[in-house]
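Structure first, then comments.
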There are 4 protein chains.
Amino acid sequence: MSFNTFGHMFRVTTFGESHGPAIGCVVDGCPPHMALTEADIQPYLDRRRPGQSRFTTQRQEPDTVRILSGVFIDEASGRQVTTGTPIALLIDNVDQRSKDYSDIKDKYRPGHADYTYDIKYGLRDYRGGGRQSARETAMRVAAGAIARKVVPALNVRGALIQMGPHRIDRARWDWAEVEHNPFFCPDAEKAALFADYLDGVRKAGSSVGAVIEIVAEGVPPGLGAPIYGKLDGDLAAALMGINAVKGVEIGAGFHAAALCGEENADEMRMGNDGKPVFLSNNAGGILGGISTGQPVVARFAVKPTSSILTPRRTVDRYGNDSEIFTTGRHDPCVGIRAVPIGEAMVACVIADHYLRQRGQVGEPPAWPLLRR
Amino acid sequence: MSFNTFGHMFRVTTFGESHGPAIGCVVDGCPPHMALTEADIQPYLDRRRPGQSRFTTQRQEPDTVRILSGVFIDEASGRQVTTGTPIALLIDNVDQRSKDYSDIKDKYRPGHADYTYDIKYGLRDYRGGGRQSARETAMRVAAGAIARKVVPALNVRGALIQMGPHRIDRARWDWAEVEHNPFFCPDAEKAALFADYLDGVRKAGSSVGAVIEIVAEGVPPGLGAPIYGKLDGDLAAALMGINAVKGVEIGAGFHAAALCGEENADEMRMGNDGKPVFLSNNAGGILGGISTGQPVVARFAVKPTSSILTPRRTVDRYGNDSEIFTTGRHDPCVGIRAVPIGEAMVACVIADHYLRQRGQVGEPPAWPLLRR
Amino acid sequence: MSFNTFGHMFRVTTFGESHGPAIGCVVDGCPPHMALTEADIQPYLDRRRPGQSRFTTQRQEPDTVRILSGVFIDEASGRQVTTGTPIALLIDNVDQRSKDYSDIKDKYRPGHADYTYDIKYGLRDYRGGGRQSARETAMRVAAGAIARKVVPALNVRGALIQMGPHRIDRARWDWAEVEHNPFFCPDAEKAALFADYLDGVRKAGSSVGAVIEIVAEGVPPGLGAPIYGKLDGDLAAALMGINAVKGVEIGAGFHAAALCGEENADEMRMGNDGKPVFLSNNAGGILGGISTGQPVVARFAVKPTSSILTPRRTVDRYGNDSEIFTTGRHDPCVGIRAVPIGEAMVACVIADHYLRQRGQVGEPPAWPLLRR
Amino acid sequence: MSFNTFGHMFRVTTFGESHGPAIGCVVDGCPPHMALTEADIQPYLDRRRPGQSRFTTQRQEPDTVRILSGVFIDEASGRQVTTGTPIALLIDNVDQRSKDYSDIKDKYRPGHADYTYDIKYGLRDYRGGGRQSARETAMRVAAGAIARKVVPALNVRGALIQMGPHRIDRARWDWAEVEHNPFFCPDAEKAALFADYLDGVRKAGSSVGAVIEIVAEGVPPGLGAPIYGKLDGDLAAALMGINAVKGVEIGAGFHAAALCGEENADEMRMGNDGKPVFLSNNAGGILGGISTGQPVVARFAVKPTSSILTPRRTVDRYGNDSEIFTTGRHDPCVGIRAVPIGEAMVACVIADHYLRQRGQVGEPPAWPLLRR
C-alpha cells in the first residue's frame with residue numbers, strides 16, 4: 001500500500017476531495033476480456049449512496065460513475081470489455097452546497113482528522129472534510145465492483161451485525177433480509193429494533209457505532225502468502241483503512257483468545273466430492289495467511305460519527321481553547337454505509353491475491369497431492 | 001507489503017525455515033549514522049526466546065544474531081554505526097533435533113497452515129512447520145530493535161492483558177511488573193493467577209489464547225497518510241501478520257461500536273506547554289490514519305496454540321480421513337511470546353512512517369499554525 | 001515501476017487512450033505547500049502540443065489541463081497550493097476525428113505495438129493506437145511540471161542534438177536558440193539544415209529518428225542509491241519508457257567504452273567556494289548511481305516514426321499475409337516532441353529521489369566531512 | 001525498484017560489502033517445484049569469478065554459494081525443489097587481504113563513488129569499495145541462475161562486442177567461441193587482438209571500456225506492459241544499474257536515430273508454422289514495451305576501470321586538494337566480467353515479467369486471434 005494506492009497486481013489509486021470538481025480512481029492490472037460497463041458498477045454505488053433513508057445523511061450525491069479508459073468493444077462478442085490497460089472512473093461532485101465554513105475552518109472537530117491533517121501538512125481542505133471525507137469511499141465501492149469480476153464464482157456480501165450495544169441473533173441470519181431494511185441487517189427482528197433505536201439517536205443529535213461482517217464465498221484455496229503477504233494481513237489493512245474503523249477480526253477473532261486449542265482448531269474430513277472439508281470455520285477461511293477454500297469471514301468495528309450536535313471542547317489553529325458542534329447533514333451511524341465499502345475492500349484484496357497467486361504458482365496443484 | 005518484505009522506506013525482508021541452516025533478514029532504508037551493534041539487538045531476541053520458563057516451549061534456541069552488513073566504524077566517534085546500506089542479520093539454527101516426521105508429513109494438523117501451504121504450493125517443508133514456524137518472528141524482533149533507534153524518543157512497550165477468559169485489571173497496570181513475570185503481564189495479581197491457570201492448561205496437554213496490548217509513546221504527530229497509507233492500516237496488517245493473530249484493534253477498538261459520539265470523540269484543550277492536549281485517547285493516538293502525538297495503542301488477539309495432545313480429526317495428502325495429535329515441545333500459550341513480536345512490528349511500522357513523513361513533508365509545520 | 005505508475009515517493013499514475021473521453025494522471029506523494037495552478041502546467045503542455053509547425057502532426061489537441069484535486073487556498077498567502085494529497089489532472093480529448101478504421105483494425109502496423117498488444121491481451125483499442133498512442137505522454141509532461149517545483153533550484157532543459165544522420169555542432173550550443181526553432185535545436189545553423197532535411201523526409205512520406213539530450217542543473221549531490229535505486233538506473237527506465245526510444249546513455253555514454261581510464265574518470269579540485277569541483281563531466285553527474293552535484297546529462301535515441309506512406313508487408317489477425325500504409329496525420333520525426341517529454345521524465349525521477357533522500361537521510365551531511 | 005531490491009513478482013534483494021563477513025541475496029516470489037541445488041547456480045558464479053585469466057583481477061574469490069532457505073525435497077521426484085518461499089543465498093567473503101587503507105580512506109578516487117557515498121550518507125565503508133564494490137554483482141549472477149529456470153525455454157547469452165575502440169565483426173559471430181577465450185568474445189579473430197591490446201593496457205597501468213550484447217531467446221511474446229511496466233524500460237534500469245555502465249540500447253539502439261522509417265520498422269509475414277514472423281529485428285524483440293517473440297537484444301557500455309596506476313588529481317574529506325593512484329589488484333577491463341552479470345540481469349527481468357504476465361492475463365490468447 002502506498003499513500004493513495006492499494007493492491008499489488010490489482011491496484012487501485014483514488015483521488016479527489018468532497019468539494020472539489022470530482023472524485024475518481026484508476027484501477028490498474030485488471031485482466032483483459034472482462035465484460036465491463038458502467039451498469040456493472042452503478043448498482044454498488046447506489047447501495048452506498050447517502051440519502052436513501054432517514055438513517056443516512058440527506059446529502060444528495062447521485063454518484064453517477066463514468067468509465068474514462070481501459071475498455072473497448074470486443075469484436076467477437078460485441079460486448080464492451082476490459083483491455084488490460086488502466087480503467088479510470090470518475091464521479092463529478094454535484095451537491096457542493098455553498099456553505100459558510102468560517103466556524104469550522106480554524107477549529108479542530110474532535111474525532112475528526114482536522115488536527116492530524118493540519119499538523120501533518122500544515123494545511124487542509126476544510127470543505128466537507130476534504131480528502132478525509134467518506135466520499136472517497138465511493139471510489140472503493142466502484143473499484144470493488146470491478147474486483148468482483150476478476151475472481152470466478154466470487155460472492156462477497158456484508159451485513160451490519162451490531163449497532164451501538166445491540167447485536168443481531170445469528171440464529172436468525174437471513175441474507176435475503178439484508179436488502180430489505182435500511183441497515184443491511186440480516187436479522188429482521190433486530191432491524192426493526194435498530195430503526196427505533198437509531199431514530200432516538202438521530203433525534204438526540206447523537207451518533208452510534210456499529211460492527212459489520214463481510215463473508216466472501218467462492219474464494220479459491222491457496223490465496224495469500226506465508227509471511228508479509230498474508231491474506232488476513234491485507235484484509236486487516238484494507239478494512240482498518242476505511243474511515244472510522246477501529247478494529248478488525250477474522251473468523252473467531254478476539255473471541256479466539258478465550259478458546260482452548262481443542263475448541264479453536266477446525267478439524268477436517270474428506271467430503272463427498274473427494275475434497276477435504278472443514279468441520280467448523282473458526283479460522284474464518286484463512287490459515288497461516290492463506291485461504292482454505294472455506295468462506296472468508298471478516299468483521300470490523302466502526303466508531304460513532306464524530307459530527308454531533310452536542311458542543312464539544314476543542315482548540316483552534318491559533319492555539320486557543322474553543323468549542324464546536326456540527327450542524328450539517330450527517331449519518332447518525334456511519335457504520336451502515338460501511339457495509340458496501342467493506343464488501344468492496346474485501347473483493348479488491350481477494351482479486352489482488354488471486355492474480356498474485358496465478359502469477360507465482362500458475363495452475364494450482366491437483367488434489368489429492370499424493371497418489372498411492 | 002510484498003510476499004516476504006514489509007515497509008516502504010524502512011523495509012524488512014525475512015527468510016529461512018525453522019529446520020534449515022539459518023534464518024535471517026535484510027533491513028533496507030535505515031538511515032546512516034545510527035550506532036548499532038549486535039548488543040542493541042540481542043536483548044530483544046532474548047526476551048522472545050523460548051525455554052525461559054515452564055510456560056514456553058523447551059526448545060533451546062540461543063538465537064545469537066550476527067550483523068553481516070550495513071555497519072562501519074565512524075571515524076569521528078569511534079562507534080560502529082549504520083552506513084545507510086542494507087543491514088543483513090543472521091541467526092544460525094542449532095537445535096534441529098533429529099526427529100521422525102513420518103507421522104505428520106502427510107497429515108494436515110488442524111489449525112496449522114499445513115493444508116493451505118500444500119494446496120497453494122503443492123508441497124511444504126514439514127520439518128517444524130518450515131516457513132510457517134514462529135521461528136521467523138525472531139527476525140521481526142531483530143528488525144524491530146533497529147526500528148526503535150530510527151525514531152527519536154520512541155518507546156514501544158507491550159503487555160499481555162488477557163489469557164484465555166481471564167483479563168487483567170487495568171487499574172493495577174504497572175509497566176515495571178511486565179518484566180517481573182513470565183507472561184509480560186502488567187498486573188501482578190493476575191500474573192499469579194495466569195501461572196496457575198496455564199499450569200493446568202499445560203498439564204492437560206491443551207492450549208489457550210491471549211490478548212496483547214502494545215503502547216507506543218514518543219510517536220510524533222503527523223505520521224501516516226489519509227487513505228491507503230494510514231498508520232492504523234499498516235499497524236493492522238503488521239499485527240494481523242503475526243502468526244496466530246485473529247484480531248487487531250486501535251484505541252477503543254471494537255468497544256467503540258457500542259459508544260455514542262459524545263463518549264467516543266476525544267476532546268482537546270491547550271496544554272501548559274502551549275500545545276494541544278487530548279482529554280482522552282479513544283482514538284488510540286490515530287485520527288484519520290495519522291498520529292495525533294498521543295500514545296499509539298493497539299491490541300491483538302492470539303488464538304490458542306494448535307498443537308495439542310488431544311487427538312484431532314484430519315485428512316492426509318492421499319485424501320484419506322485420519323487422526324493426529326502433537327507430541328513435540330510447544331507453547332501452551334503462544335500469546336506470551338507474541339508480546340515482543342508485537343512491539344517489534346509496531347516499531348517497524350512507526351519507523352517506516354517516520355521516514356515517509358520526513359520524505360514527503362520534510363520539517364513539520366510549526367505550532368500554532370496561524371498567528372494573529 | 002508498476003504497470004501504469006512510476007516513482008516511489010513522487011508517484012505518477014496515468015490513464016487514458018487517445019480516442020477515449022479523456023486522458024489523465026494522478027500525482028501522489030507531492031509535498032504540501034507548493035504553489036500550483038493550471039498555469040504552472042499548461043506552458044509545458046503547450047511546448048509538447050502537436051500542430052505548432054509543419055514538422056509535427058496537424059492533429060489539433062488543445063490539451064487544456066484541469067486540476068481535479070490536491071490543491072487548496074492557503075490562508076496565509078492567499079495562493080493555491082498543494083495539500084499533500086493526490087493531485088489529479090485531466091485533459092479532455094476533443095479532436096477524435098471520426099474515421100474509418102476498417103483498414104487497420106485487423107492488420108498489424110510494422111514498428112507499432114499493434115501486434116504485441118494483441119498477442120498480450122487478445123485485443124486492443126485500435127483507434128489512434130489506444131493506450132500505445134503518444135498522447136499518453138501529455139500526462140508525463142504535466143506531471144513533470146509539478147516535479148520541477150519539488151526540488152529547489154532544479155532546472156531541467158532538453159535539446160534535439162541529432163536528426164537522422166545529422167548531428168549538431170556542440171561548439172555552437174546555445175540554450176536560447178532552443179526555443180527559437182521548431183526542433184528544440186540548440187545549434188541555429190543545424191536547425192536550418194534540419195528544416196530542409198525534414199521537409200524532404202515529410203514530402204517523401206517517410207520519417208526519421210533523432211537523439212535528444214536532457215541536462216538537469218541544480219540537482220543536489222547525494223540523490224540516488226548504491227544498487228537498485230540508482231539515479232541513472234531510474235533515469236534509464238524513465239527515458240527508455242518513452243514511446244519509440246531505443247537507447248539511453250548518461251554522460252559519456254557509449255563513447256566511454258572507447259576511452260581509457262585516464263581520459264574517463266573526472267578529476268576533482270577544491271573550488272573557490274570551498275566545495276569540491278569536478279574538472280570534467282564524463283560521469284554525467286552521477287557516480288555509483290548517486291548524483292555528484294554536477295549537471296545530470298542524459299541522452300536518448302528515438303526511432304523514426306513507424307507510420308509512413310510507403311506500403312509495408314505485414315500480417316492480419318486472421319493469420320494472412322497483407323500490406324499496409326498509413327495515411328493519417330503523423331509526425332515525420334517524433335523525436336522533436338520527445339524533448340519536453342524527456343525533460344519531464346528526468347524531472348520526475350529527480351523529484352522522486354529528492355524525496356527519498358530526504359526520507360532516508362534527512363539533512364545532508366555538512367561539507368567538509370572531517371575537520372582537523 | 002527499491003534501494004536494494006529489484007523486480008515485482010520475481011524479487012531480488014541483495015546485501016553485503018566486499019570486506020564484510022559475507023554477501024548474500026534473497027530471491028522472493030519464485031514459483032514452487034523448480035528443481036534447484038547449489039550446482040545450478042555455481043557454474044554461473046564461476047564464469048564471473050575473477051582470477052581466471054591474466055585479464056581480470058588476481059583477487060581470489062572462491063565464491064562458493066550456499067542455499068539457506070526456500071528449498072525442500074519433493075517426495076514424488078526425490079529432487080530438491082523450490083518451495084515458493086524466499087530463497088536466501090550466501091557467499092562468505094574469504095580473501096579479505098589485510099591492507100593499509102590510510103592512503104585512500106580520506107581521499108575520493110576519481111571515477112569511483114567514494115565522493116557520492118560520502119556526500120550522501122556522511123560516511124562510507126572504504127575497504128574495497130564497501131557496497132559499491134562489484135562484488136555485489138556475484139549475487140545478481142546467482143539470482144539470475146534461478147531466474148533462468150522460471151521461464152521455460154529461456155536462453156540468455158552474452159558477448160563482449162567492443163573493447164576500447166575495437167569492435168568485433170558481426171559476420172564472424174560464433175556463440176561457441178564465446179566460451180573459448182577470456183573475453184566472452186564471439187569473434188575468434190578479434191579475441192586474439194583483444195588479448196594483445198589488453199596486455200598493453202594492463203602493462204601501462206591503464207584501463208579500457210567495453211560494449212556487451214545480451215541476447216535472450218525463448219522469450220514468449222506478450223511480456224512487458226504498455227507504459228511504465230515496459231520490458232525495455234525494466235531492462236534499461238537493470239543494465240544501467242550494473243556498476244560502471246553508462247549506456248543501454250535495445251535492438252537498433254542509437255543507430256535507429258539515423259534510420260528512416262522504411263528501414264527501421266520490421267515487416268511481418270506468416271511463417272511456415274502458421275505463426276507470424278518478423279523479417280528483421282531492429283526492434284530488438286520489443287515493440288511498445290512488449291516482447292514480440294523474437295530474440296530480445298540489449299547492449300550496454302561499460303566505462304574503463306577507474307582504478308589506474310596514473311596519479312590523478314582529487315580532494316580529501318578535509319577539503320584539501322590531493323592526488324591519488326591505485327596500486328591494488330584491478331581488472332584492466334571490467335567490461336569482461338560484466339558479461340555474465342548482464343545475462344543475469346536480463347534473465348531476472350524476463351522472469352519477473354513472465355510471472356507478472358501470467359498473473360494479469362493468465363493463459364495467453366490463441367493465435368490467430370480471429371477466425372473467419
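Each chain in the C-alpha cells gets a letter, A, B, ..., in the order shown, and its residues are numbered from 1; ligands are numbered from 1 in order too.
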
For chain C versus chain B, which residues have an atom no more than 7 Å away, and what is each residue's nearest atom pair and distance in Å rounded to one decimal, using only C-alpha atoms, chain-then-number order, as a Markdown table?
```
| residue | atom | partner | partner_atom | distance |
| --- | --- | --- | --- | --- |
| C:Gly29 | CA | B:Gln360 | CA | 6.2 |
| C:Cys30 | CA | B:Gln360 | CA | 6.6 |
| C:Pro31 | CA | B:Gln360 | CA | 5.2 |
| C:Pro32 | CA | B:Val361 | CA | 6.7 |
| C:Leu355 | CA | B:Gly359 | CA | 4.7 |
| C:Arg356 | CA | B:Gly359 | CA | 5.7 |
| C:Arg358 | CA | B:Gly359 | CA | 4.8 |
| C:Gly359 | CA | B:Gly359 | CA | 3.5 |
| C:Gln360 | CA | B:Pro31 | CA | 5.1 |
| C:Val361 | CA | B:Pro31 | CA | 5.3 |
```

I'd like the neighbourhood of B:Val297 as an NGL selection string, where a residue qualifies if any of its atoms comes within 8 Å (using only C-alpha atoms), though same-chain residues fewer than 4 positions away should be ignored. :B and (213-216 or 250-251 or 284-285)

Could you take the residues named above and write them with N, CA, C and O atoms, as a PDB file, in the first residue's frame?
```pdb
ATOM      1  N   GLU B 213      -1.508  -6.022  24.356  1.00  0.00           N
ATOM      2  CA  GLU B 213      -1.631  -4.593  24.083  1.00  0.00           C
ATOM      3  C   GLU B 213      -0.248  -3.986  23.894  1.00  0.00           C
ATOM      4  O   GLU B 213       0.655  -4.235  24.689  1.00  0.00           O
ATOM      5  N   ILE B 214      -0.123  -3.184  22.844  1.00  0.00           N
ATOM      6  CA  ILE B 214       1.139  -2.503  22.570  1.00  0.00           C
ATOM      7  C   ILE B 214       0.894  -1.005  22.689  1.00  0.00           C
ATOM      8  O   ILE B 214      -0.084  -0.480  22.138  1.00  0.00           O
ATOM      9  N   VAL B 215       1.763  -0.327  23.410  1.00  0.00           N
ATOM     10  CA  VAL B 215       1.652   1.121  23.584  1.00  0.00           C
ATOM     11  C   VAL B 215       2.952   1.765  23.098  1.00  0.00           C
ATOM     12  O   VAL B 215       4.030   1.418  23.573  1.00  0.00           O
ATOM     13  N   ALA B 216       2.811   2.652  22.138  1.00  0.00           N
ATOM     14  CA  ALA B 216       3.993   3.349  21.618  1.00  0.00           C
ATOM     15  C   ALA B 216       3.933   4.801  22.031  1.00  0.00           C
ATOM     16  O   ALA B 216       3.033   5.537  21.602  1.00  0.00           O
ATOM     17  N   ILE B 250      -7.482  -0.721  17.501  1.00  0.00           N
ATOM     18  CA  ILE B 250      -6.745   0.501  17.824  1.00  0.00           C
ATOM     19  C   ILE B 250      -7.594   1.312  18.803  1.00  0.00           C
ATOM     20  O   ILE B 250      -8.797   1.498  18.580  1.00  0.00           O
ATOM     21  N   GLY B 251      -6.966   1.800  19.861  1.00  0.00           N
ATOM     22  CA  GLY B 251      -7.681   2.628  20.838  1.00  0.00           C
ATOM     23  C   GLY B 251      -8.886   1.891  21.406  1.00  0.00           C
ATOM     24  O   GLY B 251      -8.763   0.764  21.876  1.00  0.00           O
ATOM     25  N   GLY B 284      -6.761   5.992  20.285  1.00  0.00           N
ATOM     26  CA  GLY B 284      -5.526   5.207  20.283  1.00  0.00           C
ATOM     27  C   GLY B 284      -4.402   5.923  19.574  1.00  0.00           C
ATOM     28  O   GLY B 284      -3.541   5.301  18.967  1.00  0.00           O
ATOM     29  N   GLY B 285      -4.432   7.242  19.628  1.00  0.00           N
ATOM     30  CA  GLY B 285      -3.318   8.022  19.084  1.00  0.00           C
ATOM     31  C   GLY B 285      -3.355   8.210  17.583  1.00  0.00           C
ATOM     32  O   GLY B 285      -2.388   8.700  17.006  1.00  0.00           O
TER      33      GLY B 285
END
```

Apply DSSP to the backbone of this structure and, from stretch 157-366 of chain B, keep only the residues in alpha helix (DSSP H); write these as an MDAnalysis selection string. chainID B and resid 175:178 188:203 231:240 261:264 338:361

Could you find all residues in stretch 149-359 of chain B that DSSP calls strand (DSSP E or B) from the backbone, and write them as a ChimeraX atom specification? /B:155-163,166-167,208,210-217,224,245-250,260,268-270,276-278,286-287,290-291,296-302,312-316,321-324

For those residues, write C-alpha atoms to a file as a compact mmCIF listing (two decimals), in the first residue's frame.
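Saved file out_13.txt follows:
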```txt
# COMPACT_ATOMS: atom_id res chain seq x y z
CA ASN B 155 9.28 3.95 23.36
CA VAL B 156 7.31 0.87 22.38
CA ARG B 157 6.16 -1.49 25.11
CA GLY B 158 3.79 -4.42 25.18
CA ALA B 159 1.85 -6.39 27.73
CA LEU B 160 -0.31 -9.47 27.86
CA ILE B 161 -3.71 -8.31 29.09
CA GLN B 162 -5.85 -11.42 28.69
CA MET B 163 -5.15 -15.13 28.87
CA HIS B 166 -9.01 -14.03 32.28
CA ARG B 167 -8.40 -10.31 31.83
CA VAL B 208 -5.15 -21.20 25.31
CA ALA B 210 -4.40 -14.36 24.67
CA VAL B 211 -4.78 -10.65 24.04
CA ILE B 212 -1.73 -8.38 23.85
CA GLU B 213 -1.63 -4.59 24.08
CA ILE B 214 1.14 -2.50 22.57
CA VAL B 215 1.65 1.12 23.58
CA ALA B 216 3.99 3.35 21.62
CA GLU B 217 4.97 6.61 23.25
CA GLY B 224 0.55 8.14 8.48
CA VAL B 245 -3.31 -13.46 15.34
CA LYS B 246 -7.05 -13.26 14.57
CA GLY B 247 -7.96 -9.70 15.52
CA VAL B 248 -6.49 -6.23 15.80
CA GLU B 249 -7.89 -3.06 17.29
CA ILE B 250 -6.75 0.50 17.82
CA CYS B 260 -22.15 7.17 21.31
CA MET B 268 -8.98 18.90 23.10
CA ARG B 269 -7.62 21.69 25.27
CA MET B 270 -4.50 23.81 25.15
CA PRO B 276 -2.87 20.96 22.25
CA VAL B 277 -3.66 18.05 24.51
CA PHE B 278 -6.41 15.45 24.19
CA ILE B 286 -4.55 7.94 15.49
CA LEU B 287 -7.18 10.08 13.75
CA ILE B 290 -2.49 9.96 11.11
CA SER B 291 -0.81 10.03 14.52
CA VAL B 296 -0.46 4.82 19.89
CA VAL B 297 -2.41 1.97 21.44
CA ALA B 298 -3.00 -1.30 19.60
CA ARG B 299 -4.30 -4.66 20.76
CA PHE B 300 -4.33 -8.03 19.08
CA ALA B 301 -5.82 -11.42 19.81
CA VAL B 302 -3.78 -14.60 19.52
CA ARG B 312 -7.99 -34.42 16.30
CA ARG B 313 -9.72 -35.47 13.12
CA THR B 314 -7.98 -34.56 9.89
CA VAL B 315 -7.18 -35.81 6.36
CA ASP B 316 -3.93 -36.70 4.64
CA ASP B 321 -9.62 -39.43 6.75
CA SER B 322 -7.11 -39.61 9.57
CA GLU B 323 -6.31 -38.51 13.12
CA ILE B 324 -3.42 -36.58 14.55
```

For each of D:Tyr101, D:Val349, D:Asp118, D:Val94, take the minimum atom-to-atom distance to D:Leu231, counting only C-alpha atoms, then give the residue where this is smallest. D:Val349

Figure out the distance between atom CA of B:Asp125 and atom CA of A:Ala256, please, to one decimal in Å. 27.0 Å

May I ask for the distance between atom CA of A:Leu123 and atom CA of B:Gln294, given in Å to one decimal place?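 These atoms are spaced 20.2 Å apart.
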
Residues at most 6 Å from A:Thr14, counting only C-alpha atoms, excluding those fewer than 6 positions away in the same chain, as a list in words?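 Here the answer would be Asn4, Gly24 and Cys25 of chain A.
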